[in-house]
>>> print(open('my_file.cif').read())   # mmCIF, C-alpha atoms and all ligand atoms
data_my_file
loop_
_atom_site.group_PDB
_atom_site.id
_atom_site.type_symbol
_atom_site.label_atom_id
_atom_site.label_comp_id
_atom_site.auth_asym_id
_atom_site.auth_seq_id
_atom_site.Cartn_x
_atom_site.Cartn_y
_atom_site.Cartn_z
ATOM 1 C CA MET H 1 0.000 0.000 0.000
ATOM 2 C CA ARG H 2 1.218 3.419 -0.935
ATOM 3 C CA HIS H 3 0.781 6.765 0.858
ATOM 4 C CA LEU H 4 1.771 10.308 -0.086
ATOM 5 C CA MET H 5 3.571 12.167 2.687
ATOM 6 C CA SER H 6 6.068 14.238 0.716
ATOM 7 C CA PRO H 7 6.509 15.038 -2.985
ATOM 8 C CA LEU H 8 9.690 12.980 -2.809
ATOM 9 C CA ASP H 9 7.672 9.802 -2.241
ATOM 10 C CA PHE H 10 7.302 9.688 -6.024
ATOM 11 C CA SER H 11 10.325 9.483 -8.295
ATOM 12 C CA VAL H 12 10.680 12.069 -11.075
ATOM 13 C CA GLU H 13 9.563 9.383 -13.558
ATOM 14 C CA GLU H 14 6.522 8.493 -11.459
ATOM 15 C CA LEU H 15 5.623 12.164 -11.231
ATOM 16 C CA ASP H 16 5.881 12.423 -14.961
ATOM 17 C CA THR H 17 3.427 9.552 -15.353
ATOM 18 C CA LEU H 18 1.109 11.199 -12.818
ATOM 19 C CA PHE H 19 1.187 14.516 -14.703
ATOM 20 C CA ARG H 20 0.510 12.789 -18.016
ATOM 21 C CA LEU H 21 -2.489 11.119 -16.428
ATOM 22 C CA ALA H 22 -3.663 14.489 -15.045
ATOM 23 C CA ASN H 23 -3.399 16.042 -18.519
ATOM 24 C CA ASP H 24 -5.332 13.126 -19.981
ATOM 25 C CA ILE H 25 -8.044 13.637 -17.361
ATOM 26 C CA GLU H 26 -8.144 17.322 -18.325
ATOM 27 C CA GLN H 27 -8.742 16.400 -21.951
ATOM 28 C CA HIS H 28 -11.039 13.405 -21.501
ATOM 29 C CA ARG H 29 -13.012 14.030 -18.316
ATOM 30 C CA GLY H 30 -15.815 11.699 -19.394
ATOM 31 C CA ARG H 31 -13.552 8.649 -19.505
ATOM 32 C CA TYR H 32 -12.862 8.919 -15.810
ATOM 33 C CA ALA H 33 -16.372 9.708 -14.604
ATOM 34 C CA HIS H 34 -16.961 6.220 -13.162
ATOM 35 C CA ALA H 35 -13.420 5.159 -12.336
ATOM 36 C CA CYS H 36 -14.123 5.254 -8.589
ATOM 37 C CA ASP H 37 -17.758 4.136 -8.557
ATOM 38 C CA GLY H 38 -18.575 2.641 -5.164
ATOM 39 C CA LEU H 39 -15.383 3.943 -3.509
ATOM 40 C CA LYS H 40 -15.117 6.483 -0.703
ATOM 41 C CA LEU H 41 -12.646 9.204 0.154
ATOM 42 C CA ALA H 42 -12.442 10.336 3.785
ATOM 43 C CA THR H 43 -11.317 13.918 4.333
ATOM 44 C CA CYS H 44 -9.970 14.204 7.885
ATOM 45 C CA PHE H 45 -9.210 17.876 8.345
ATOM 46 C CA TYR H 46 -7.994 18.933 11.798
ATOM 47 C CA GLU H 47 -7.210 22.424 10.525
ATOM 48 C CA PRO H 48 -9.258 24.895 8.470
ATOM 49 C CA SER H 49 -9.169 24.608 4.699
ATOM 50 C CA THR H 50 -11.482 25.494 1.887
ATOM 51 C CA ARG H 51 -9.523 24.909 -1.241
ATOM 52 C CA THR H 52 -7.640 21.741 -0.476
ATOM 53 C CA ARG H 53 -10.606 19.948 1.083
ATOM 54 C CA LEU H 54 -13.043 20.972 -1.642
ATOM 55 C CA SER H 55 -10.468 20.138 -4.281
ATOM 56 C CA PHE H 56 -10.139 16.586 -2.897
ATOM 57 C CA GLU H 57 -13.898 16.240 -2.626
ATOM 58 C CA SER H 58 -14.432 17.540 -6.132
ATOM 59 C CA ALA H 59 -11.724 15.183 -7.439
ATOM 60 C CA MET H 60 -13.371 12.120 -5.878
ATOM 61 C CA LEU H 61 -16.862 13.144 -7.017
ATOM 62 C CA ASN H 62 -15.540 13.679 -10.567
ATOM 63 C CA LEU H 63 -14.324 10.079 -10.464
ATOM 64 C CA GLY H 64 -17.763 8.799 -9.478
ATOM 65 C CA GLY H 65 -16.800 8.102 -5.864
ATOM 66 C CA SER H 66 -18.253 9.562 -2.696
ATOM 67 C CA VAL H 67 -16.856 11.534 0.200
ATOM 68 C CA ILE H 68 -17.164 11.400 3.983
ATOM 69 C CA GLY H 69 -15.226 13.302 6.628
ATOM 70 C CA PHE H 70 -14.882 16.167 9.045
ATOM 71 C CA SER H 71 -13.557 19.643 8.488
ATOM 72 C CA ASP H 72 -12.444 20.702 11.941
ATOM 73 C CA ALA H 73 -10.989 18.880 14.909
ATOM 74 C CA GLY H 74 -13.775 20.195 17.161
ATOM 75 C CA SER H 75 -16.385 18.141 15.332
ATOM 76 C CA SER H 76 -14.336 14.919 15.442
ATOM 77 C CA SER H 77 -13.455 12.573 18.331
ATOM 78 C CA ALA H 78 -10.128 14.389 18.618
ATOM 79 C CA SER H 79 -12.047 16.762 20.890
ATOM 80 C CA LYS H 80 -12.708 13.740 23.146
ATOM 81 C CA GLY H 81 -9.015 12.937 23.198
ATOM 82 C CA GLU H 82 -8.828 10.273 20.495
ATOM 83 C CA SER H 83 -5.375 9.757 18.959
ATOM 84 C CA VAL H 84 -4.694 10.109 15.237
ATOM 85 C CA ALA H 85 -3.655 6.436 15.239
ATOM 86 C CA ASP H 86 -7.052 5.323 16.538
ATOM 87 C CA THR H 87 -8.981 7.685 14.290
ATOM 88 C CA ILE H 88 -7.300 6.338 11.156
ATOM 89 C CA ARG H 89 -7.893 2.712 12.220
ATOM 90 C CA VAL H 90 -11.583 3.562 12.473
ATOM 91 C CA VAL H 91 -11.647 5.580 9.246
ATOM 92 C CA SER H 92 -9.983 2.637 7.455
ATOM 93 C CA CYS H 93 -13.199 0.671 8.074
ATOM 94 C CA PHE H 94 -15.325 3.391 6.505
ATOM 95 C CA ALA H 95 -13.383 4.562 3.463
ATOM 96 C CA ASP H 96 -10.958 3.422 0.748
ATOM 97 C CA ILE H 97 -8.543 6.359 0.856
ATOM 98 C CA CYS H 98 -7.976 9.281 3.231
ATOM 99 C CA ALA H 99 -6.753 12.855 2.830
ATOM 100 C CA MET H 100 -5.560 14.256 6.161
ATOM 101 C CA ARG H 101 -4.654 17.783 7.207
ATOM 102 C CA HIS H 102 -3.246 18.394 10.670
ATOM 103 C CA PRO H 103 -1.666 21.350 12.485
ATOM 104 C CA LYS H 104 1.043 19.052 13.906
ATOM 105 C CA GLU H 105 4.043 18.236 11.736
ATOM 106 C CA GLY H 106 4.221 14.488 11.091
ATOM 107 C CA ALA H 107 0.637 13.627 12.137
ATOM 108 C CA PRO H 108 -0.327 12.194 8.713
ATOM 109 C CA MET H 109 2.861 10.097 8.861
ATOM 110 C CA VAL H 110 1.720 8.583 12.161
ATOM 111 C CA ALA H 111 -1.698 7.976 10.597
ATOM 112 C CA ALA H 112 -0.082 6.174 7.641
ATOM 113 C CA GLN H 113 1.654 3.752 10.012
ATOM 114 C CA PHE H 114 -1.646 2.637 11.518
ATOM 115 C CA SER H 115 -3.811 2.876 8.433
ATOM 116 C CA GLY H 116 -5.428 0.133 6.429
ATOM 117 C CA ILE H 117 -5.976 2.520 3.493
ATOM 118 C CA PRO H 118 -3.728 4.933 1.560
ATOM 119 C CA VAL H 119 -3.217 8.241 3.405
ATOM 120 C CA ILE H 120 -2.497 11.500 1.621
ATOM 121 C CA ASN H 121 -0.856 14.320 3.572
ATOM 122 C CA ALA H 122 -3.047 17.344 2.831
ATOM 123 C CA GLY H 123 -0.774 19.670 4.838
ATOM 124 C CA ASP H 124 0.946 19.080 8.190
ATOM 125 C CA GLY H 125 1.712 22.241 10.161
ATOM 126 C CA GLY H 126 4.528 24.285 8.650
ATOM 127 C CA HIS H 127 6.122 21.135 7.251
ATOM 128 C CA GLN H 128 4.864 19.798 3.895
ATOM 129 C CA HIS H 129 1.952 20.169 1.533
ATOM 130 C CA PRO H 130 2.662 17.614 -1.189
ATOM 131 C CA THR H 131 -0.606 17.861 -3.114
ATOM 132 C CA GLN H 132 -0.168 21.625 -3.425
ATOM 133 C CA THR H 133 3.285 20.896 -4.814
ATOM 134 C CA LEU H 134 1.859 18.411 -7.314
ATOM 135 C CA THR H 135 -0.594 21.153 -8.290
ATOM 136 C CA ASP H 136 2.221 23.694 -8.682
ATOM 137 C CA LEU H 137 4.363 21.317 -10.737
ATOM 138 C CA LEU H 138 1.473 20.337 -13.004
ATOM 139 C CA THR H 139 0.628 24.019 -13.549
ATOM 140 C CA ILE H 140 4.219 24.879 -14.454
ATOM 141 C CA ARG H 141 4.636 21.803 -16.652
ATOM 142 C CA SER H 142 1.353 22.389 -18.486
ATOM 143 C CA LEU H 143 1.775 26.134 -19.036
ATOM 144 C CA LYS H 144 5.546 26.368 -19.552
ATOM 145 C CA GLY H 145 5.931 23.022 -21.269
ATOM 146 C CA ARG H 146 8.804 21.977 -19.014
ATOM 147 C CA LEU H 147 9.951 21.401 -15.473
ATOM 148 C CA GLY H 148 13.464 22.717 -15.187
ATOM 149 C CA ASN H 149 15.712 25.393 -16.651
ATOM 150 C CA PHE H 150 14.108 28.385 -15.057
ATOM 151 C CA THR H 151 14.608 31.021 -12.395
ATOM 152 C CA ILE H 152 11.874 30.910 -9.810
ATOM 153 C CA GLY H 153 11.246 33.649 -7.246
ATOM 154 C CA LEU H 154 9.485 32.595 -4.060
ATOM 155 C CA CYS H 155 8.125 35.577 -2.218
ATOM 156 C CA GLY H 156 6.498 36.224 1.159
ATOM 157 C CA ASP H 157 6.441 33.940 4.165
ATOM 158 C CA LEU H 158 9.268 31.559 3.393
ATOM 159 C CA LYS H 159 9.687 30.638 7.039
ATOM 160 C CA PHE H 160 6.268 29.201 7.819
ATOM 161 C CA GLY H 161 4.951 28.524 4.315
ATOM 162 C CA ARG H 162 4.719 24.764 3.925
ATOM 163 C CA THR H 163 3.846 25.084 0.254
ATOM 164 C CA VAL H 164 7.199 26.780 -0.286
ATOM 165 C CA HIS H 165 9.105 24.096 1.617
ATOM 166 C CA SER H 166 7.448 21.295 -0.315
ATOM 167 C CA LEU H 167 7.958 23.002 -3.665
ATOM 168 C CA ILE H 168 11.674 23.611 -3.099
ATOM 169 C CA ASN H 169 12.168 19.969 -2.135
ATOM 170 C CA ALA H 170 10.440 18.872 -5.311
ATOM 171 C CA LEU H 171 12.124 21.324 -7.688
ATOM 172 C CA VAL H 172 15.707 20.491 -6.753
ATOM 173 C CA ARG H 173 15.335 17.217 -8.622
ATOM 174 C CA TYR H 174 15.034 19.031 -11.965
ATOM 175 C CA GLU H 175 17.887 20.461 -14.044
ATOM 176 C CA GLY H 176 18.805 24.114 -14.257
ATOM 177 C CA ILE H 177 16.674 25.568 -11.453
ATOM 178 C CA ARG H 178 17.772 28.828 -9.878
ATOM 179 C CA PHE H 179 16.001 30.071 -6.753
ATOM 180 C CA VAL H 180 15.504 33.656 -5.680
ATOM 181 C CA PHE H 181 14.088 33.849 -2.147
ATOM 182 C CA ILE H 182 12.311 37.123 -1.509
ATOM 183 C CA SER H 183 11.292 37.751 2.073
ATOM 184 C CA PRO H 184 11.651 40.106 5.014
ATOM 185 C CA GLU H 185 14.525 39.178 7.331
ATOM 186 C CA GLU H 186 12.131 37.650 9.894
ATOM 187 C CA LEU H 187 10.506 35.303 7.370
ATOM 188 C CA ARG H 188 13.605 33.901 5.694
ATOM 189 C CA ILE H 189 13.744 30.392 4.369
ATOM 190 C CA PRO H 190 14.689 27.828 7.092
ATOM 191 C CA ASP H 191 18.362 26.893 7.430
ATOM 192 C CA TYR H 192 17.753 23.218 6.710
ATOM 193 C CA LEU H 193 16.619 24.099 3.193
ATOM 194 C CA ILE H 194 19.557 26.425 2.630
ATOM 195 C CA ASP H 195 21.899 23.659 3.793
ATOM 196 C CA MET H 196 20.263 21.246 1.377
ATOM 197 C CA LEU H 197 20.699 23.685 -1.535
ATOM 198 C CA LYS H 198 24.347 24.267 -0.636
ATOM 199 C CA GLU H 199 24.977 20.569 -0.418
ATOM 200 C CA LYS H 200 23.470 19.985 -3.846
ATOM 201 C CA ASN H 201 25.196 23.039 -5.327
ATOM 202 C CA ILE H 202 21.945 24.592 -6.454
ATOM 203 C CA PRO H 203 22.143 28.328 -7.120
ATOM 204 C CA TYR H 204 20.037 30.547 -4.843
ATOM 205 C CA ARG H 205 19.919 34.124 -3.605
ATOM 206 C CA GLU H 206 18.131 35.709 -0.691
ATOM 207 C CA VAL H 207 16.822 39.233 -1.209
ATOM 208 C CA ILE H 208 14.344 41.578 0.411
ATOM 209 C CA SER H 209 13.178 43.676 -2.546
ATOM 210 C CA LEU H 210 10.737 42.140 -4.996
ATOM 211 C CA ASP H 211 11.077 45.096 -7.362
ATOM 212 C CA ASP H 212 14.794 44.547 -7.927
ATOM 213 C CA VAL H 213 14.533 40.927 -9.033
ATOM 214 C CA MET H 214 11.327 41.149 -11.041
ATOM 215 C CA PRO H 215 12.988 41.318 -14.518
ATOM 216 C CA GLU H 216 14.990 38.112 -14.088
ATOM 217 C CA LEU H 217 12.176 35.754 -13.055
ATOM 218 C CA ASP H 218 10.528 33.082 -15.216
ATOM 219 C CA LEU H 219 8.156 32.170 -12.402
ATOM 220 C CA LEU H 220 7.022 34.077 -9.342
ATOM 221 C CA TYR H 221 5.467 32.086 -6.488
ATOM 222 C CA MET H 222 3.697 34.501 -4.139
ATOM 223 C CA THR H 223 2.583 33.452 -0.650
ATOM 224 C CA ARG H 224 0.522 34.855 2.168
ATOM 225 C CA VAL H 225 2.039 35.645 5.568
ATOM 226 C CA GLN H 226 0.927 32.642 7.666
ATOM 227 C CA LYS H 227 -0.977 34.384 10.447
ATOM 228 C CA GLU H 228 -1.855 31.171 12.303
ATOM 229 C CA ARG H 229 1.780 30.160 12.769
ATOM 230 C CA PHE H 230 2.923 33.417 14.386
ATOM 231 C CA PHE H 231 3.616 33.479 18.090
ATOM 232 C CA ASN H 232 2.500 37.064 18.521
ATOM 233 C CA GLU H 233 0.004 39.307 16.792
ATOM 234 C CA GLU H 234 2.363 42.303 16.777
ATOM 235 C CA ASP H 235 4.907 40.617 14.487
ATOM 236 C CA TYR H 236 2.129 39.489 12.165
ATOM 237 C CA VAL H 237 0.669 42.982 11.882
ATOM 238 C CA ARG H 238 4.103 44.423 11.136
ATOM 239 C CA LEU H 239 4.843 41.909 8.375
ATOM 240 C CA LYS H 240 1.502 41.085 6.799
ATOM 241 C CA ASP H 241 1.569 43.791 4.139
ATOM 242 C CA PHE H 242 5.295 43.682 3.453
ATOM 243 C CA TYR H 243 4.735 42.755 -0.215
ATOM 244 C CA ASN H 244 2.173 43.895 -2.696
ATOM 245 C CA LEU H 245 2.408 42.782 -6.300
ATOM 246 C CA ASP H 246 0.630 45.402 -8.386
ATOM 247 C CA LYS H 247 0.421 46.461 -12.023
ATOM 248 C CA ALA H 248 3.411 48.762 -11.735
ATOM 249 C CA LYS H 249 5.652 45.915 -10.542
ATOM 250 C CA MET H 250 4.289 43.653 -13.291
ATOM 251 C CA GLU H 251 5.541 46.115 -15.887
ATOM 252 C CA ARG H 252 9.075 45.130 -14.921
ATOM 253 C CA ALA H 253 8.361 41.414 -15.352
ATOM 254 C CA ARG H 254 9.034 39.287 -18.417
ATOM 255 C CA GLU H 255 6.265 38.906 -20.965
ATOM 256 C CA ASP H 256 6.089 35.184 -20.290
ATOM 257 C CA MET H 257 6.629 35.171 -16.549
ATOM 258 C CA LEU H 258 3.945 33.234 -14.665
ATOM 259 C CA ILE H 259 2.602 34.246 -11.262
ATOM 260 C CA LEU H 260 1.543 31.352 -9.058
ATOM 261 C CA HIS H 261 -0.023 31.477 -5.596
ATOM 262 C CA PRO H 262 -1.331 28.538 -3.540
ATOM 263 C CA LEU H 263 -4.145 30.779 -2.301
ATOM 264 C CA PRO H 264 -5.776 32.083 -0.149
ATOM 265 C CA ARG H 265 -4.517 35.499 -1.186
ATOM 266 C CA VAL H 266 -4.658 38.364 1.286
ATOM 267 C CA ASN H 267 -2.969 41.640 0.240
ATOM 268 C CA GLU H 268 0.187 40.313 -1.408
ATOM 269 C CA ILE H 269 -1.304 40.474 -4.917
ATOM 270 C CA SER H 270 -3.548 43.393 -5.895
ATOM 271 C CA VAL H 271 -6.786 42.368 -7.578
ATOM 272 C CA GLU H 272 -5.794 44.572 -10.525
ATOM 273 C CA VAL H 273 -3.198 41.919 -11.415
ATOM 274 C CA ASP H 274 -5.859 39.198 -11.777
ATOM 275 C CA SER H 275 -6.685 40.156 -15.356
ATOM 276 C CA ASP H 276 -3.025 39.979 -16.431
ATOM 277 C CA PRO H 277 -2.590 36.835 -18.574
ATOM 278 C CA ARG H 278 0.527 36.006 -16.588
ATOM 279 C CA ALA H 279 -1.556 35.597 -13.412
ATOM 280 C CA VAL H 280 -2.347 31.873 -13.381
ATOM 281 C CA TYR H 281 -3.332 31.296 -9.747
ATOM 282 C CA PHE H 282 -6.953 30.530 -10.547
ATOM 283 C CA LYS H 283 -5.964 28.143 -13.347
ATOM 284 C CA GLN H 284 -3.697 26.545 -10.772
ATOM 285 C CA VAL H 285 -6.784 25.681 -8.682
ATOM 286 C CA GLN H 286 -8.244 23.803 -11.656
ATOM 287 C CA TYR H 287 -5.005 21.878 -12.163
ATOM 288 C CA GLY H 288 -5.215 20.973 -8.482
ATOM 289 C CA VAL H 289 -8.406 19.022 -9.109
ATOM 290 C CA TYR H 290 -6.918 17.134 -12.079
ATOM 291 C CA VAL H 291 -3.770 16.212 -10.219
ATOM 292 C CA ARG H 292 -5.739 15.008 -7.171
ATOM 293 C CA MET H 293 -7.884 12.880 -9.471
ATOM 294 C CA ALA H 294 -4.723 11.389 -10.928
ATOM 295 C CA LEU H 295 -3.299 10.843 -7.453
ATOM 296 C CA ILE H 296 -6.410 9.093 -6.117
ATOM 297 C CA LEU H 297 -6.403 6.754 -9.122
ATOM 298 C CA THR H 298 -2.697 6.045 -8.740
ATOM 299 C CA LEU H 299 -2.797 5.322 -5.004
ATOM 300 C CA LEU H 300 -5.863 3.115 -5.433
ATOM 301 C CA GLY H 301 -4.141 1.294 -8.294
ATOM 302 C CA ILE H 302 -6.967 2.006 -10.729
ATOM 303 C CA SER H 303 -6.137 2.325 -14.389
ATOM 304 C CA VAL H 304 -8.641 3.599 -16.896
ATOM 305 C CA ARG H 305 -8.443 2.074 -20.341
ATOM 306 C CA GLY H 306 -7.389 4.501 -22.996
ATOM 307 C CA ASN H 307 -5.282 6.826 -20.882
ATOM 308 C CA ASP H 308 -2.078 5.667 -22.524
ATOM 309 C CA GLU H 309 -3.228 6.464 -26.027
HETATM 310 C C1 LIG L 1 -1.916 26.763 1.546
HETATM 311 C C2 LIG L 1 -1.783 25.990 2.836
HETATM 312 O O1 LIG L 1 -2.772 25.526 3.392
HETATM 313 O O2 LIG L 1 -0.649 25.829 3.262
HETATM 314 N N1 LIG L 1 -3.214 26.772 1.068
HETATM 315 C C3 LIG L 1 -3.630 25.765 0.260
HETATM 316 O O3 LIG L 1 -3.663 24.627 0.638
HETATM 317 N N2 LIG L 1 -3.921 26.079 -0.990
HETATM 318 C C4 LIG L 1 -1.352 28.089 1.593
HETATM 319 C C5 LIG L 1 -1.831 29.014 2.670
HETATM 320 O O4 LIG L 1 -2.681 28.669 3.487
HETATM 321 O O5 LIG L 1 -1.350 30.134 2.653
#
>>> encode(input="my_file.cif", output="structure tokens", more="lines below")
Ligand code: NCD
Amino acid sequence: MRHLMSPLDFSVEELDTLFRLANDIEQHRGRYAHACDGLKLATCFYEPSTRTRLSFESAMLNLGGSVIGFSDAGSSSASKGESVADTIRVVSCFADICAMRHPKEGAPMVAAQFSGIPVINAGDGGHQHPTQTLTDLLTIRSLKGRLGNFTIGLCGDLKFGRTVHSLINALVRYEGIRFVFISPEELRIPDYLIDMLKEKNIPYREVISLDDVMPELDLLYMTRVQKERFFNEEDYVRLKDFYNLDKAKMERAREDMLILHPLPRVNEISVEVDSDPRAVYFKQVQYGVYVRMALILTLLGISVRGNDE
């Protein structure tokens, strides 16, 4: 049985197969409409989420399956003191696959050890968010036609942003990636990631000004300041509006630069940028559904005839 805890659980070749499947789903939705008939996805969300949970639910419904679950810890037995290990043993009797989000780093990993069904990490604290990374990679691959040989700027909360951490881990496996980390001093990328980049000899720079680096980027990954992971309100208030990507800044960007954002957006991208063709963050949401469909099929070992044509 296979789980997804980190984007590195799949080899580059396996990811490639997954993305090809996702693109096939995009083009031939009808073929997959009954692939999961009679199967159930459990969404166990111990932390708020709109997009990720709905994206999983939509993915399973698109495949003909059904969905059960809870969307906050307060409405589950966790409020009675039940452990994640016990909850997943129980959920394994109700469903065929589980997507779990938890505020504690590593909780989905514990669940996977006790589970009778595949577990997908849908975000664990500030640690990893592999399905967002699959979404990001599929978006880049589909719209740029390649994964690799680009300069990517990651901007905003690089300290607490799990989407950023997961994406960096995944991207270092491709050729010719250069990172530009754009953040205030207090929200710099964690040392363990810097050490990893140094060890692998992958070029990176850390800067504070977004304006300065704009012209050199092929991709710009914007993130929100992660309010819920701050220890005090004062620091959050001081840093929350540090960046604002607006039309004026976009004028300095390349014609074919893409702006990604895992969403939710707060003030870091002005709404005036939404109509710019380079702003692909809403398309990214759609790719998220396709890639989750592909992932559910892969982890359940279901193949749909015709998808290799
Ligand atoms: C991200 C997350 O939950 O980490 N959202 C998402 O899943 N699309 C990003 C965020 O909350 O800022």
>>> axis_aligned_box(input="my_file.cif", around="region 186-190 of chain H", padding_each_side="8 Å", output="AutoDock Vina command-line options")
--center_x 12.6 --center_y 32.7 --center_z 7.1 --size_x 20.2 --size_y 25.8 --size_z 21.5
>>> residues_near_ligand(input="my_file.cif", ligand="ligand LIG 1 (chain L)", cutoff="7 Å", atoms="all atoms listed in the file", output="list in words")
Ser49, Arg51, Thr52, Gly123, His129, Gln132, Gly161, Arg162, Thr163, Thr223, Arg224, Gln226, Pro262, Leu263 and Pro264 of chain H
>>> resolve_selection(input="my_file.cif", expression="the PyMOL selection byres (((chain H and resi 10-21) around 7) and not hetatm)", output="list of chain:residue names")
H:Pro7, H:Leu8, H:Asp9, H:Ala22, H:Asn23, H:Asp24, H:Ile25, H:Leu138, H:Val291, H:Ala294, H:Leu295, H:Asn307
>>> residues_around(input="my_file.cif", residues="Tyr204 (chain H)", least_positions_apart="4", cutoff="9 Å", atoms="only C-alpha atoms", output="PyMOL selection string")
chain H and resi 177-181+194+197-198
>>> write_last_selection(input="my_file.cif", atoms="C-alpha atoms", output="PDB file, in the coordinates of the input")
ATOM      1  CA  ILE H 177      16.674  25.568 -11.453  1.00  0.00           C
ATOM      2  CA  ARG H 178      17.772  28.828  -9.878  1.00  0.00           C
ATOM      3  CA  PHE H 179      16.001  30.071  -6.753  1.00  0.00           C
ATOM      4  CA  VAL H 180      15.504  33.656  -5.680  1.00  0.00           C
ATOM      5  CA  PHE H 181      14.088  33.849  -2.147  1.00  0.00           C
ATOM      6  CA  ILE H 194      19.557  26.425   2.630  1.00  0.00           C
ATOM      7  CA  LEU H 197      20.699  23.685  -1.535  1.00  0.00           C
ATOM      8  CA  LYS H 198      24.347  24.267  -0.636  1.00  0.00           C
TER       9      LYS H 198
END
>>> closest_residue(input="my_file.cif", among="H:His261, H:Val273, H:Val285, H:Phe231", to="Thr50 (chain H)", atoms="all atoms listed in the file")
H:Val285
>>> resolve_selection(input="my_file.cif", expression="the PyMOL selection byres (((chain H and resi 293) around 12) and not hetatm)", output="ChimeraX atom specification")
/H:18-26,29,32-36,41,55-65,131,134-135,286-292,294-300,302-304
>>> resolve_selection(input="my_file.cif", expression="the PyMOL selection byres (((chain H and resi 67-79) around 7) and not hetatm)", output="list of chain:residue names")
H:Lys40, H:Leu41, H:Ala42, H:Thr43, H:Cys44, H:Phe45, H:Tyr46, H:Glu47, H:Pro48, H:Glu57, H:Gly65, H:Ser66, H:Lys80, H:Gly81, H:Glu82, H:Ser83
>>> write_last_selection(input="my_file.cif", atoms="C-alpha atoms", output="short mmCIF file (atom, residue, chain, number, x, y, z; two decimals), keeping the file's coordinate frame")
data_model
loop_
_atom_site.label_atom_id
_atom_site.label_comp_id
_atom_site.auth_asym_id
_atom_site.auth_seq_id
_atom_site.Cartn_x
_atom_site.Cartn_y
_atom_site.Cartn_z
CA LYS H 40 -15.12 6.48 -0.70
CA LEU H 41 -12.65 9.20 0.15
CA ALA H 42 -12.44 10.34 3.78
CA THR H 43 -11.32 13.92 4.33
CA CYS H 44 -9.97 14.20 7.88
CA PHE H 45 -9.21 17.88 8.35
CA TYR H 46 -7.99 18.93 11.80
CA GLU H 47 -7.21 22.42 10.52
CA PRO H 48 -9.26 24.90 8.47
CA GLU H 57 -13.90 16.24 -2.63
CA GLY H 65 -16.80 8.10 -5.86
CA SER H 66 -18.25 9.56 -2.70
CA LYS H 80 -12.71 13.74 23.15
CA GLY H 81 -9.02 12.94 23.20
CA GLU H 82 -8.83 10.27 20.50
CA SER H 83 -5.38 9.76 18.96
#
>>> atom_distance(input="my_file.cif", atom1="CA of Glu175 (chain H)", atom2="CA of Glu206 (chain H)")
20.3 Å
>>> atom_distance(input="my_file.cif", atom1="CA of Val119 (chain H)", atom2="CA of Asp86 (chain H)")
14.0 Å
>>> atom_distance(input="my_file.cif", atom1="CA of Ile168 (chain H)", atom2="CA of Ala122 (chain H)")
17.1 Å
>>> closest_residue(input="my_file.cif", among="H:Arg188, H:Arg229, H:Lys144, H:Arg173", to="Ile202 (chain H)", atoms="only C-alpha atoms")
H:Arg173
>>> residues_around(input="my_file.cif", residues="Phe114 (chain H)", least_positions_apart="3", cutoff="9 Å", atoms="all atoms listed in the file", output="NGL selection string")
:H and (84-86 or 88-89 or 110-111)
>>> closest_residue(input="my_file.cif", among="H:Pro277, H:Pro203, H:Gly116, H:Gly106", to="Leu258 (chain H)", atoms="all atoms listed in the file")
H:Pro277
>>> closest_residue(input="my_file.cif", among="H:Val280, H:Leu220, H:Met214, H:Met5", to="Gly156 (chain H)", atoms="all atoms listed in the file")
H:Leu220
>>> closest_residue(input="my_file.cif", among="H:Met1, H:Ser183, H:Ala253, H:Lys200", to="Ile97 (chain H)", atoms="only C-alpha atoms")
H:Met1
>>> residues_around(input="my_file.cif", residues="Ile120 (chain H)", least_positions_apart="3", cutoff="7 Å", atoms="all atoms listed in the file", output="list of chain:residue names")
H:His3, H:Leu4, H:Met5, H:Cys98, H:Ala99, H:Met100
>>> closest_residue(input="my_file.cif", among="H:Asp195, H:Leu143, H:Glu228, H:Cys155", to="Pro103 (chain H)", atoms="only C-alpha atoms")
H:Glu228
>>> residues_around(input="my_file.cif", residues="Asp124 (chain H)", least_positions_apart="2", cutoff="8 Å", atoms="all atoms listed in the file", output="PyMOL selection string")
chain H and resi 101-108+121-122+126-129
